[in-house]
Amino acid sequence: MSTPTRQIPVAKPVLGEPEAEAARRAILSGWVTQGPEVAQFEQEFAAFVGARHACAVSNCTTALHLALMAVGVGAGDEVITVSHSFIATPNAIRYCGATPVFVDIEADGFNIDPGKIIAAISPRTRAILCVHQLGMPCDLRQILKIARQFQLKVVEDAACATGSEVLWNGKWERVGRPHADVACFSFHPRKVVTTGDGGMLTTAIGEYDRQFRLLRQHSMNVPDTVRHGSKQVIFEEYDSVGFNYRMTDVQAAIGRTQLGRLPEIVAARRRLAALYTELLSKIDGIRPPVEPEWARSNWQSYCVGLPRQADQVSIMQAMLDRGVSTRRGVMNAHLEPAYHGSGLCRTVGYLDNSVAAQNTAIMLPLFVQMSEDDVRYVVTALEEALTESLVPAL
Ligand SMILES: *Cc1c(COP(=O)(O)O)cnc(C)c1O
């Protein structure tokens with residue numbers, strides 16, 4: 001095959017002079033670890049999602065760990081979640097000494113099937129860790145109903161969902177108010193806004209927020225910022241075994257700039273996704289992602305279902321030959337060596353939809369710098385790849 005006319009990566013962060021300026025401001029201030037920029041970022045993020053409290057941490061994996069600890073998940077407990085997620089989701093449950101219990105996803109999407117949750121509940125179930133996969137909100141209304149009925153806590157893995165919205169009592173609200181007990185966000189470069197690495201916890205419960213702030217900084221009861229500003233000598237104490245899960249002020253300064261650009265970033269992603277859906281719905285056998293009428297995705301990823309008889313790898317290769325990078329569907333943690341046959345998790349049924357989604361879906365390029373013409377190029381590349389793969393080789 002000749003050299004392709006374009007090279008289209010699967011994702012690309014929106015970073016430029018404003019972010020470089022922000023990092024410079026933090027560096028020249030002389031305070032680079034968790035300090036005033038982090039405090040500002042927290043306030044701005046809380047206002048953005050409509051949360052009472054927001055606490056910044058080093059990444060979303062550490063956020064999930066602290067959220068599960070706060071809602072009381074401990075050794076011997078079970079937490080209901082999906083296998084069909086990034087491995088950080090079940091890993092955070094293991095950090096608490098608890099067991100992830102995997103239920104299947106819906107047949108027409110990549111989120112937990114609420115209809116399968118009740119069968120997964122045992123006397124040891126403490127919480128549900130639901131995921132807004134690829135930025136698409138999961139069905140919180142159904143999940144919260146079950147949680148109330150069985151007195152379970154609910155943590156939202158909103159790693160991908162900064163800027164996504166749900167229709168709640170007739171009003172559009174951003175994910176992270178939060179609608180459950182705690183929501184956890186990621187600012188990894190693969191998400192819609194980034195601080196390099198970074199995470200955020202939001203909650204309406206003051207006691208949880210107080211715990212997050214202690215545990216992210218070794219359970220130090222007088223923060224360094226307070227000692228630094230004090231006219232009197234103060235000693236700190238360490239009341240329990242905490243962690244170093246801090247975000248730095250350099251990251252937070254970048255995050256504040258990114259947050260300011262987020263509405264524009266999400267609007268651009270939604271326009272590109274709508275064009276994909278329009279073009280792809282004309283191709284036989286392709287299943288574009290479905291957005292329920294009560295959800296507005298930030299389209300962190302755009303993942304399409306391939307025809308059942310199509311070969312995922314050869315389609316991805318044929319697209320790469322045309323300069324278009326793709327990724328396979330979301331992984332399934334229960335099939336990875338870390339969990340498979342380990343006794344570290346429990347699966348409810350065969351997780352057919354989860355397995356099918358990993359093997360018969362692909363993520364198409366979607367990033368703000370893409371032109372409409374790039375979208376058309378990707379769709380044509382997919383169409384050609386399908387035609388090639390469906391013709392048996394002679
Ligand atoms: C990215 C991601 C995480 C982990 O986020 P980090 O900030 O990289 O720790 C957790 N859960 C899901 C669903 C993710 O996509």
# chains A, B, ... in the order shown; residues from 1 in each chain; ligands from 1
>>> residues_around(residues="stretch 65-68 of chain A", least_positions_apart="5", cutoff="10 Å", atoms="only C-alpha atoms", output="CSV table (one decimal) with all heavy atoms, in the first residue's frame")
chain,number,residue,atom,x,y,z
A,57,VAL,N,-6.7,15.5,43.5
A,57,VAL,CA,-5.8,14.4,43.9
A,57,VAL,C,-4.9,14.1,42.7
A,57,VAL,O,-5.0,14.8,41.6
A,57,VAL,CB,-6.4,13.1,44.4
A,57,VAL,CG1,-7.0,13.3,45.8
A,57,VAL,CG2,-7.5,12.7,43.4
A,60,CYS,N,-7.2,9.8,38.8
A,60,CYS,CA,-8.5,9.2,39.2
A,60,CYS,C,-8.5,7.9,39.9
A,60,CYS,O,-9.4,7.6,40.7
A,60,CYS,CB,-9.3,9.1,37.9
A,60,CYS,SG,-11.0,8.6,38.2
A,73,VAL,N,-16.0,1.1,52.3
A,73,VAL,CA,-15.6,-0.2,51.7
A,73,VAL,C,-14.3,-0.7,52.4
A,73,VAL,O,-13.3,0.1,52.4
A,73,VAL,CB,-15.4,-0.1,50.2
A,73,VAL,CG1,-14.8,-1.3,49.6
A,73,VAL,CG2,-16.7,0.3,49.5
A,74,GLY,N,-14.3,-1.9,52.9
A,74,GLY,CA,-13.1,-2.4,53.5
A,74,GLY,C,-12.9,-3.9,53.2
A,74,GLY,O,-13.6,-4.5,52.4
A,79,VAL,N,-17.9,-5.1,46.1
A,79,VAL,CA,-18.4,-3.9,45.4
A,79,VAL,C,-18.8,-4.3,44.0
A,79,VAL,O,-18.1,-4.9,43.2
A,79,VAL,CB,-17.3,-2.8,45.3
A,79,VAL,CG1,-17.7,-1.6,44.5
A,79,VAL,CG2,-16.8,-2.4,46.7
A,88,ALA,N,-8.2,0.3,36.2
A,88,ALA,CA,-8.1,1.1,37.4
A,88,ALA,C,-9.4,0.9,38.2
A,88,ALA,O,-9.4,1.0,39.5
A,88,ALA,CB,-7.9,2.5,37.1
A,89,THR,N,-10.5,0.7,37.6
A,89,THR,CA,-11.8,0.6,38.3
A,89,THR,C,-11.8,-0.5,39.3
A,89,THR,O,-12.0,-0.3,40.5
A,89,THR,CB,-13.0,0.5,37.3
A,89,THR,OG1,-12.9,1.5,36.3
A,89,THR,CG2,-14.3,0.5,37.9
A,91,ASN,N,-9.2,-2.3,40.3
A,91,ASN,CA,-8.0,-2.2,41.1
A,91,ASN,C,-8.2,-1.3,42.4
A,91,ASN,O,-7.8,-1.7,43.4
A,91,ASN,CB,-6.8,-1.5,40.3
A,91,ASN,CG,-6.2,-2.5,39.4
A,91,ASN,OD1,-6.5,-3.7,39.3
A,91,ASN,ND2,-5.2,-2.1,38.6
A,92,ALA,N,-9.0,-0.2,42.2
A,92,ALA,CA,-9.3,0.6,43.4
A,92,ALA,C,-10.0,-0.1,44.4
A,92,ALA,O,-9.9,0.1,45.6
A,92,ALA,CB,-10.0,1.9,42.9
A,93,ILE,N,-10.9,-1.1,44.0
A,93,ILE,CA,-11.7,-1.9,44.9
A,93,ILE,C,-10.7,-2.8,45.7
A,93,ILE,O,-10.8,-3.0,46.9
A,93,ILE,CB,-12.8,-2.7,44.2
A,93,ILE,CG1,-13.8,-1.7,43.5
A,93,ILE,CG2,-13.5,-3.7,45.1
A,93,ILE,CD1,-14.7,-2.4,42.5
A,94,ARG,N,-9.8,-3.4,44.9
A,94,ARG,CA,-8.8,-4.3,45.5
A,94,ARG,C,-7.9,-3.5,46.6
A,94,ARG,O,-7.5,-4.1,47.6
A,94,ARG,CB,-7.9,-4.9,44.5
A,94,ARG,CG,-8.5,-6.0,43.6
A,94,ARG,CD,-9.1,-7.2,44.3
A,94,ARG,NE,-8.4,-7.6,45.5
A,94,ARG,CZ,-8.8,-8.6,46.2
A,94,ARG,NH1,-9.9,-9.3,45.9
A,94,ARG,NH2,-8.1,-9.0,47.3
A,95,TYR,N,-7.6,-2.3,46.3
A,95,TYR,CA,-6.7,-1.5,47.2
A,95,TYR,C,-7.4,-1.4,48.6
A,95,TYR,O,-6.7,-1.3,49.6
A,95,TYR,CB,-6.5,0.0,46.7
A,95,TYR,CG,-5.8,0.1,45.4
A,95,TYR,CD1,-5.9,1.4,44.8
A,95,TYR,CD2,-5.1,-0.9,44.8
A,95,TYR,CE1,-5.2,1.5,43.6
A,95,TYR,CE2,-4.4,-0.7,43.6
A,95,TYR,CZ,-4.5,0.5,43.0
A,95,TYR,OH,-3.9,0.7,41.8
A,96,CYS,N,-8.8,-1.5,48.6
A,96,CYS,CA,-9.5,-1.5,49.9
A,96,CYS,C,-9.6,-2.9,50.5
A,96,CYS,O,-10.2,-3.1,51.6
A,96,CYS,CB,-10.9,-1.0,49.7
A,96,CYS,SG,-11.0,0.7,49.0
A,98,ALA,N,-11.3,-5.2,49.2
A,98,ALA,CA,-12.6,-5.7,48.8
A,98,ALA,C,-12.6,-6.5,47.5
A,98,ALA,O,-11.6,-6.4,46.8
A,98,ALA,CB,-13.6,-4.6,48.8
A,126,ARG,N,-21.3,-3.8,49.7
A,126,ARG,CA,-21.2,-2.6,50.4
A,126,ARG,C,-21.6,-1.4,49.5
A,126,ARG,O,-22.2,-0.5,49.9
A,126,ARG,CB,-19.8,-2.4,51.0
A,126,ARG,CG,-19.5,-1.0,51.5
A,126,ARG,CD,-20.1,-0.7,52.9
A,126,ARG,NE,-19.6,-1.6,53.9
A,126,ARG,CZ,-19.8,-1.5,55.2
A,126,ARG,NH1,-20.5,-0.5,55.6
A,126,ARG,NH2,-19.3,-2.4,56.0
A,127,ALA,N,-21.2,-1.5,48.2
A,127,ALA,CA,-21.3,-0.3,47.3
A,127,ALA,C,-21.4,-0.8,45.9
A,127,ALA,O,-21.1,-1.9,45.5
A,127,ALA,CB,-20.1,0.6,47.5
A,128,ILE,N,-21.9,0.2,45.1
A,128,ILE,CA,-21.9,0.0,43.6
A,128,ILE,C,-20.9,1.1,43.1
A,128,ILE,O,-21.0,2.3,43.5
A,128,ILE,CB,-23.3,0.3,43.0
A,128,ILE,CG1,-24.3,-0.7,43.6
A,128,ILE,CG2,-23.2,0.2,41.5
A,128,ILE,CD1,-25.7,-0.4,43.2
A,129,LEU,N,-19.9,0.6,42.2
A,129,LEU,CA,-19.0,1.6,41.6
A,129,LEU,C,-19.4,1.6,40.1
A,129,LEU,O,-19.1,0.7,39.4
A,129,LEU,CB,-17.6,1.1,41.8
A,129,LEU,CG,-16.5,1.9,41.0
A,129,LEU,CD1,-16.6,3.4,41.3
A,129,LEU,CD2,-15.1,1.3,41.4
A,153,LYS,N,-24.0,2.2,49.1
A,153,LYS,CA,-23.4,3.4,48.7
A,153,LYS,C,-23.1,3.4,47.2
A,153,LYS,O,-22.9,2.3,46.6
A,153,LYS,CB,-22.1,3.7,49.4
A,153,LYS,CG,-22.3,3.8,50.9
A,153,LYS,CD,-23.1,5.0,51.3
A,153,LYS,CE,-23.2,5.2,52.8
A,153,LYS,NZ,-24.0,6.3,53.2
A,154,VAL,N,-23.1,4.5,46.5
A,154,VAL,CA,-22.8,4.5,45.1
A,154,VAL,C,-21.7,5.5,44.8
A,154,VAL,O,-21.8,6.7,45.2
A,154,VAL,CB,-24.0,4.9,44.2
A,154,VAL,CG1,-23.7,4.9,42.7
A,154,VAL,CG2,-25.2,3.9,44.5
A,155,VAL,N,-20.6,5.1,44.2
A,155,VAL,CA,-19.5,5.9,43.7
A,155,VAL,C,-19.6,6.0,42.2
A,155,VAL,O,-19.8,4.9,41.5
A,155,VAL,CB,-18.1,5.4,44.2
A,155,VAL,CG1,-17.0,6.2,43.6
A,155,VAL,CG2,-18.1,5.5,45.7
A,156,GLU,N,-19.4,7.1,41.6
A,156,GLU,CA,-19.4,7.3,40.1
A,156,GLU,C,-18.0,7.4,39.6
A,156,GLU,O,-17.3,8.3,40.0
A,156,GLU,CB,-20.1,8.6,39.7
A,156,GLU,CG,-21.6,8.6,40.0
A,156,GLU,CD,-22.2,10.0,39.8
A,156,GLU,OE1,-22.1,10.5,38.6
A,156,GLU,OE2,-22.7,10.6,40.7
A,157,ASP,N,-17.6,6.4,38.8
A,157,ASP,CA,-16.3,6.5,38.1
A,157,ASP,C,-16.6,7.4,36.9
A,157,ASP,O,-17.0,6.9,35.8
A,157,ASP,CB,-15.8,5.1,37.7
A,157,ASP,CG,-14.4,5.2,37.0
A,157,ASP,OD1,-14.1,6.3,36.5
A,157,ASP,OD2,-13.7,4.2,36.9
A,181,ASP,N,-23.1,9.3,45.8
A,181,ASP,CA,-22.4,9.8,47.0
A,181,ASP,C,-21.1,10.6,46.7
A,181,ASP,O,-20.8,11.6,47.3
A,181,ASP,CB,-22.1,8.6,47.9
A,181,ASP,CG,-23.4,7.9,48.4
A,181,ASP,OD1,-24.2,8.6,49.1
A,181,ASP,OD2,-23.7,6.8,48.0
A,182,VAL,N,-20.3,10.0,45.7
A,182,VAL,CA,-19.1,10.6,45.4
A,182,VAL,C,-18.8,10.4,43.9
A,182,VAL,O,-19.2,9.4,43.3
A,182,VAL,CB,-17.8,10.0,46.1
A,182,VAL,CG1,-16.6,10.8,45.8
A,182,VAL,CG2,-18.1,9.9,47.6
A,183,ALA,N,-18.3,11.4,43.2
A,183,ALA,CA,-17.9,11.2,41.8
A,183,ALA,C,-16.4,11.4,41.6
A,183,ALA,O,-15.8,12.3,42.3
A,183,ALA,CB,-18.6,12.1,40.8
A,184,CYS,N,-15.7,10.7,40.8
A,184,CYS,CA,-14.3,10.7,40.6
A,184,CYS,C,-13.9,11.0,39.1
A,184,CYS,O,-14.4,10.3,38.2
A,184,CYS,CB,-13.6,9.4,41.0
A,184,CYS,SG,-14.0,8.9,42.7
A,201,LEU,N,-12.2,14.6,43.2
A,201,LEU,CA,-13.4,14.0,43.9
A,201,LEU,C,-14.4,15.1,44.1
A,201,LEU,O,-14.1,16.1,44.7
A,201,LEU,CB,-12.9,13.4,45.2
A,201,LEU,CG,-12.0,12.2,45.2
A,201,LEU,CD1,-10.9,12.5,46.2
A,201,LEU,CD2,-12.7,11.0,45.6
A,202,THR,N,-15.7,14.8,43.8
A,202,THR,CA,-16.7,15.7,44.2
A,202,THR,C,-17.8,15.0,45.1
A,202,THR,O,-18.0,13.8,44.9
A,202,THR,CB,-17.5,16.3,43.0
A,202,THR,OG1,-18.1,15.3,42.3
A,202,THR,CG2,-16.5,17.1,42.1
A,203,THR,N,-18.3,15.7,46.1
A,203,THR,CA,-19.3,15.2,47.0
A,203,THR,C,-20.1,16.3,47.6
A,203,THR,O,-19.7,17.5,47.6
A,203,THR,CB,-18.7,14.3,48.1
A,203,THR,OG1,-19.7,13.7,48.8
A,203,THR,CG2,-17.8,15.1,49.0
A,208,TYR,N,-17.0,13.4,54.1
A,208,TYR,CA,-16.2,12.7,53.1
A,208,TYR,C,-15.1,13.7,52.6
A,208,TYR,O,-13.9,13.3,52.5
A,208,TYR,CB,-17.1,12.3,51.9
A,208,TYR,CG,-18.0,11.2,52.1
A,208,TYR,CD1,-18.9,10.9,51.1
A,208,TYR,CD2,-18.1,10.5,53.3
A,208,TYR,CE1,-19.8,9.8,51.3
A,208,TYR,CE2,-19.0,9.5,53.5
A,208,TYR,CZ,-19.9,9.1,52.5
A,208,TYR,OH,-20.7,8.1,52.7
A,209,ASP,N,-15.4,14.9,52.3
A,209,ASP,CA,-14.5,15.9,51.8
A,209,ASP,C,-13.3,16.1,52.8
A,209,ASP,O,-12.1,16.1,52.4
A,209,ASP,CB,-15.2,17.2,51.5
A,209,ASP,CG,-14.2,18.2,50.8
A,209,ASP,OD1,-13.8,17.9,49.7
A,209,ASP,OD2,-13.9,19.2,51.4
A,211,GLN,N,-12.3,13.9,55.0
A,211,GLN,CA,-11.4,12.7,54.9
A,211,GLN,C,-10.5,12.7,53.7
A,211,GLN,O,-9.3,12.4,53.8
A,211,GLN,CB,-12.3,11.5,54.8
A,211,GLN,CG,-12.8,11.0,56.1
A,211,GLN,CD,-13.5,9.6,55.9
A,211,GLN,OE1,-13.0,8.7,55.3
A,211,GLN,NE2,-14.7,9.5,56.4
A,212,PHE,N,-11.0,13.1,52.5
A,212,PHE,CA,-10.2,13.1,51.3
A,212,PHE,C,-9.0,14.0,51.5
A,212,PHE,O,-7.9,13.7,51.2
A,212,PHE,CB,-11.0,13.7,50.1
A,212,PHE,CG,-12.2,12.9,49.7
A,212,PHE,CD1,-13.3,13.6,49.1
A,212,PHE,CD2,-12.3,11.6,50.0
A,212,PHE,CE1,-14.4,12.9,48.8
A,212,PHE,CE2,-13.5,10.9,49.7
A,212,PHE,CZ,-14.6,11.5,49.0
A,213,ARG,N,-9.2,15.2,52.2
A,213,ARG,CA,-8.2,16.2,52.3
A,213,ARG,C,-7.1,15.7,53.3
A,213,ARG,O,-5.9,16.0,53.1
A,213,ARG,CB,-8.8,17.5,52.8
A,213,ARG,CG,-9.4,18.3,51.7
A,213,ARG,CD,-10.3,19.4,52.1
A,213,ARG,NE,-11.2,19.7,51.0
A,213,ARG,CZ,-10.7,20.3,49.9
A,213,ARG,NH1,-9.5,20.7,49.8
A,213,ARG,NH2,-11.5,20.4,48.9
A,215,LEU,N,-6.5,12.3,54.0
A,215,LEU,CA,-5.8,11.1,53.4
A,215,LEU,C,-4.9,11.4,52.3
A,215,LEU,O,-3.9,10.7,52.1
A,215,LEU,CB,-6.9,10.1,53.0
A,215,LEU,CG,-7.6,9.4,54.2
A,215,LEU,CD1,-8.8,8.5,53.7
A,215,LEU,CD2,-6.7,8.6,55.0
A,216,ARG,N,-5.2,12.4,51.4
A,216,ARG,CA,-4.3,12.7,50.3
A,216,ARG,C,-3.0,13.2,50.7
A,216,ARG,O,-2.0,13.3,49.9
A,216,ARG,CB,-5.0,13.7,49.3
A,216,ARG,CG,-5.0,15.1,49.9
A,216,ARG,CD,-5.6,16.1,48.8
A,216,ARG,NE,-5.9,17.4,49.5
A,216,ARG,CZ,-6.3,18.4,48.8
A,216,ARG,NH1,-6.6,18.3,47.5
A,216,ARG,NH2,-6.5,19.6,49.4
A,242,GLY,N,-2.1,7.6,56.1
A,242,GLY,CA,-2.6,8.2,54.9
A,242,GLY,C,-1.7,7.9,53.7
A,242,GLY,O,-1.0,6.9,53.6
A,243,PHE,N,-1.8,8.8,52.7
A,243,PHE,CA,-1.2,8.6,51.4
A,243,PHE,C,-0.6,9.9,50.9
A,243,PHE,O,-0.9,10.9,51.3
A,243,PHE,CB,-2.2,8.1,50.3
A,243,PHE,CG,-3.0,6.9,50.8
A,243,PHE,CD1,-4.2,7.1,51.4
A,243,PHE,CD2,-2.5,5.6,50.7
A,243,PHE,CE1,-5.0,6.0,51.9
A,243,PHE,CE2,-3.3,4.5,51.1
A,243,PHE,CZ,-4.5,4.7,51.7
A,245,TYR,N,-1.3,11.5,47.8
A,245,TYR,CA,-2.1,11.5,46.6
A,245,TYR,C,-2.3,13.0,46.1
A,245,TYR,O,-3.4,13.3,45.6
A,245,TYR,CB,-3.5,10.9,46.9
A,245,TYR,CG,-3.5,9.4,47.0
A,245,TYR,CD1,-4.7,8.7,47.4
A,245,TYR,CD2,-2.4,8.6,46.7
A,245,TYR,CE1,-4.7,7.3,47.5
A,245,TYR,CE2,-2.4,7.2,46.8
A,245,TYR,CZ,-3.6,6.6,47.2
A,245,TYR,OH,-3.7,5.2,47.2
>>> select_by_dssp(residues="stretch 52-254 of chain A", states="strand (DSSP E)", output="PyMOL selection string")
chain A and resi 53-57+78-82+99-103+125-131+153-157+165-168+171-174+182-186+199-203
>>> residues_around(residues="A:Gly109", least_positions_apart="2", cutoff="9 Å", atoms="only C-alpha atoms", output="VMD selection string")
chain A and resid 105 to 107 111 to 112 136 289 to 291 353 357
>>> write_last_selection(atoms="all heavy atoms", output="short mmCIF file (atom, residue, chain, number, x, y, z; two decimals), in the first residue's frame")
data_model
loop_
_atom_site.label_atom_id
_atom_site.label_comp_id
_atom_site.auth_asym_id
_atom_site.auth_seq_id
_atom_site.Cartn_x
_atom_site.Cartn_y
_atom_site.Cartn_z
N ILE A 105 -22.62 -5.47 30.83
CA ILE A 105 -23.08 -4.18 30.30
C ILE A 105 -24.33 -4.41 29.45
O ILE A 105 -24.69 -5.55 29.13
CB ILE A 105 -21.98 -3.49 29.46
CG1 ILE A 105 -21.52 -4.40 28.30
CG2 ILE A 105 -20.80 -3.11 30.35
CD1 ILE A 105 -20.66 -3.69 27.26
N GLU A 106 -24.97 -3.30 29.07
CA GLU A 106 -26.16 -3.37 28.23
C GLU A 106 -25.79 -3.87 26.82
O GLU A 106 -24.64 -3.71 26.40
CB GLU A 106 -26.79 -1.99 28.11
CG GLU A 106 -27.27 -1.43 29.44
CD GLU A 106 -27.49 0.06 29.40
OE1 GLU A 106 -26.55 0.79 29.10
OE2 GLU A 106 -28.62 0.49 29.67
N ALA A 107 -26.76 -4.41 26.11
CA ALA A 107 -26.50 -4.94 24.77
C ALA A 107 -26.24 -3.80 23.78
O ALA A 107 -25.50 -3.96 22.82
CB ALA A 107 -27.67 -5.79 24.30
N ASN A 111 -22.27 0.66 29.08
CA ASN A 111 -22.46 0.91 30.52
C ASN A 111 -23.16 -0.25 31.21
O ASN A 111 -23.81 -1.08 30.56
CB ASN A 111 -23.28 2.20 30.71
CG ASN A 111 -22.40 3.44 30.59
OD1 ASN A 111 -21.22 3.42 30.97
ND2 ASN A 111 -22.96 4.51 30.05
N ILE A 112 -23.05 -0.28 32.55
CA ILE A 112 -23.64 -1.33 33.37
C ILE A 112 -25.12 -1.50 33.04
O ILE A 112 -25.83 -0.52 32.81
CB ILE A 112 -23.43 -1.01 34.87
CG1 ILE A 112 -23.75 -2.22 35.75
CG2 ILE A 112 -24.23 0.22 35.32
CD1 ILE A 112 -23.22 -2.09 37.19
N MET A 136 -20.12 8.58 28.26
CA MET A 136 -21.58 8.41 28.16
C MET A 136 -22.15 8.12 29.56
O MET A 136 -21.78 7.13 30.18
CB MET A 136 -21.89 7.24 27.22
CG MET A 136 -23.38 7.06 26.99
SD MET A 136 -24.08 8.42 26.03
CE MET A 136 -23.47 7.98 24.37
N PRO A 289 -22.66 4.57 18.27
CA PRO A 289 -23.07 4.59 19.68
C PRO A 289 -24.40 5.31 19.86
O PRO A 289 -24.72 6.23 19.13
CB PRO A 289 -21.94 5.37 20.37
CG PRO A 289 -21.21 6.08 19.29
CD PRO A 289 -21.42 5.31 18.04
N VAL A 290 -25.16 4.85 20.85
CA VAL A 290 -26.50 5.40 21.09
C VAL A 290 -26.46 6.33 22.31
O VAL A 290 -25.96 5.95 23.37
CB VAL A 290 -27.51 4.25 21.37
CG1 VAL A 290 -28.91 4.81 21.55
CG2 VAL A 290 -27.47 3.22 20.25
N GLU A 291 -26.97 7.54 22.14
CA GLU A 291 -27.05 8.48 23.26
C GLU A 291 -28.51 8.52 23.73
O GLU A 291 -29.38 8.96 22.99
CB GLU A 291 -26.62 9.87 22.78
CG GLU A 291 -26.45 10.90 23.86
CD GLU A 291 -25.91 12.23 23.30
OE1 GLU A 291 -26.53 12.79 22.37
OE2 GLU A 291 -24.87 12.69 23.79
N ASN A 353 -22.10 -9.55 26.77
CA ASN A 353 -22.07 -8.24 26.10
C ASN A 353 -20.72 -7.56 26.28
O ASN A 353 -20.21 -6.90 25.37
CB ASN A 353 -23.18 -7.33 26.64
CG ASN A 353 -24.56 -7.86 26.31
OD1 ASN A 353 -24.74 -8.63 25.35
ND2 ASN A 353 -25.55 -7.48 27.12
N ALA A 357 -18.33 -6.60 23.23
CA ALA A 357 -17.98 -5.20 23.01
C ALA A 357 -16.47 -5.02 22.82
O ALA A 357 -16.02 -4.22 22.00
CB ALA A 357 -18.48 -4.34 24.16
#
>>> closest_residue(among="A:Ala63, A:Val71, A:Leu259, A:Leu351", to="ligand 1", atoms="only C-alpha atoms and all ligand atoms")
A:Ala63
>>> residues_around(residues="A:Gln217", least_positions_apart="3", cutoff="12 Å", atoms="only C-alpha atoms", output="VMD selection string")
chain A and resid 33 to 35 55 to 58 66 210 to 214 220 to 225 236 to 248
>>> residues_near_ligand(ligand="ligand 1", cutoff="8 Å", atoms="only C-alpha atoms and all ligand atoms", output="PyMOL selection string")
chain A and resi 58-64+85-89+131-134+157-160+185-188+190-191+197-199
>>> write_last_selection(atoms="C-alpha atoms", output="mmCIF file, in the first residue's frame")
data_model
loop_
_atom_site.group_PDB
_atom_site.id
_atom_site.type_symbol
_atom_site.label_atom_id
_atom_site.label_comp_id
_atom_site.auth_asym_id
_atom_site.auth_seq_id
_atom_site.Cartn_x
_atom_site.Cartn_y
_atom_site.Cartn_z
ATOM 1 C CA SER A 58 -2.927 12.903 41.852
ATOM 2 C CA ASN A 59 -5.143 10.942 39.422
ATOM 3 C CA CYS A 60 -8.523 9.246 39.150
ATOM 4 C CA THR A 61 -7.241 5.889 40.398
ATOM 5 C CA THR A 62 -6.284 7.464 43.735
ATOM 6 C CA ALA A 63 -9.601 9.365 43.709
ATOM 7 C CA LEU A 64 -11.483 6.061 43.379
ATOM 8 C CA SER A 85 -13.727 -0.742 32.074
ATOM 9 C CA PHE A 86 -10.165 0.419 32.433
ATOM 10 C CA ILE A 87 -8.431 -1.837 34.970
ATOM 11 C CA ALA A 88 -8.117 1.079 37.438
ATOM 12 C CA THR A 89 -11.825 0.617 38.270
ATOM 13 C CA VAL A 131 -18.787 3.918 35.326
ATOM 14 C CA HIS A 132 -19.773 6.633 32.835
ATOM 15 C CA GLN A 133 -17.886 4.747 30.147
ATOM 16 C CA LEU A 134 -16.238 6.773 27.377
ATOM 17 C CA ASP A 157 -16.306 6.520 38.095
ATOM 18 C CA ALA A 158 -16.581 9.679 36.021
ATOM 19 C CA ALA A 159 -12.950 9.461 34.816
ATOM 20 C CA CYS A 160 -14.072 10.055 31.222
ATOM 21 C CA PHE A 185 -12.707 12.445 37.546
ATOM 22 C CA SER A 186 -9.477 11.968 35.577
ATOM 23 C CA PHE A 187 -7.280 14.553 33.865
ATOM 24 C CA HIS A 188 -5.063 12.047 32.023
ATOM 25 C CA ARG A 190 -6.538 10.566 27.022
ATOM 26 C CA LYS A 191 -9.520 12.367 28.634
ATOM 27 C CA ASP A 197 -1.959 13.354 35.352
ATOM 28 C CA GLY A 198 -4.596 14.443 37.832
ATOM 29 C CA GLY A 199 -7.903 13.642 39.463
#
>>> select_by_dssp(residues="stretch 139-176 of chain A", states="alpha helix (DSSP H)", output="count of residues only")
11
>>> closest_residue(among="A:Ala46, A:Val82, A:Leu382, A:Val101", to="A:Met331", atoms="only C-alpha atoms")
A:Val82
>>> atom_distance(atom1="atom CA of A:Asp373", atom2="atom CA of A:Ser389")
24.2 Å
>>> residues_around(residues="A:Ala381", least_positions_apart="4", cutoff="9 Å", atoms="only C-alpha atoms", output="number ranges by chain")
A: 318-320, 322-324, 376-377, 385-386
>>> residues_around(residues="stretch 270-280 of chain A", least_positions_apart="4", cutoff="8 Å", atoms="only C-alpha atoms", output="PyMOL selection string")
chain A and resi 266+286-289+297-299+302+366+372+375-376+379
>>> write_last_selection(atoms="C-alpha atoms", output="compact mmCIF listing (two decimals), in the first residue's frame")
# COMPACT_ATOMS: atom_id res chain seq x y z
CA VAL A 266 -17.20 19.57 24.50
CA ILE A 286 -22.16 -0.57 11.57
CA ARG A 287 -23.70 0.30 14.93
CA PRO A 288 -22.94 3.89 15.92
CA PRO A 289 -23.07 4.59 19.68
CA SER A 297 -22.03 12.68 26.23
CA ASN A 298 -18.80 14.69 26.08
CA TRP A 299 -17.73 12.01 23.55
CA TYR A 302 -16.46 7.45 19.89
CA LEU A 366 -12.08 12.08 17.78
CA GLU A 372 -15.16 17.64 9.11
CA VAL A 375 -14.22 12.71 9.79
CA ARG A 376 -15.29 11.93 6.22
CA VAL A 379 -15.57 7.00 7.53
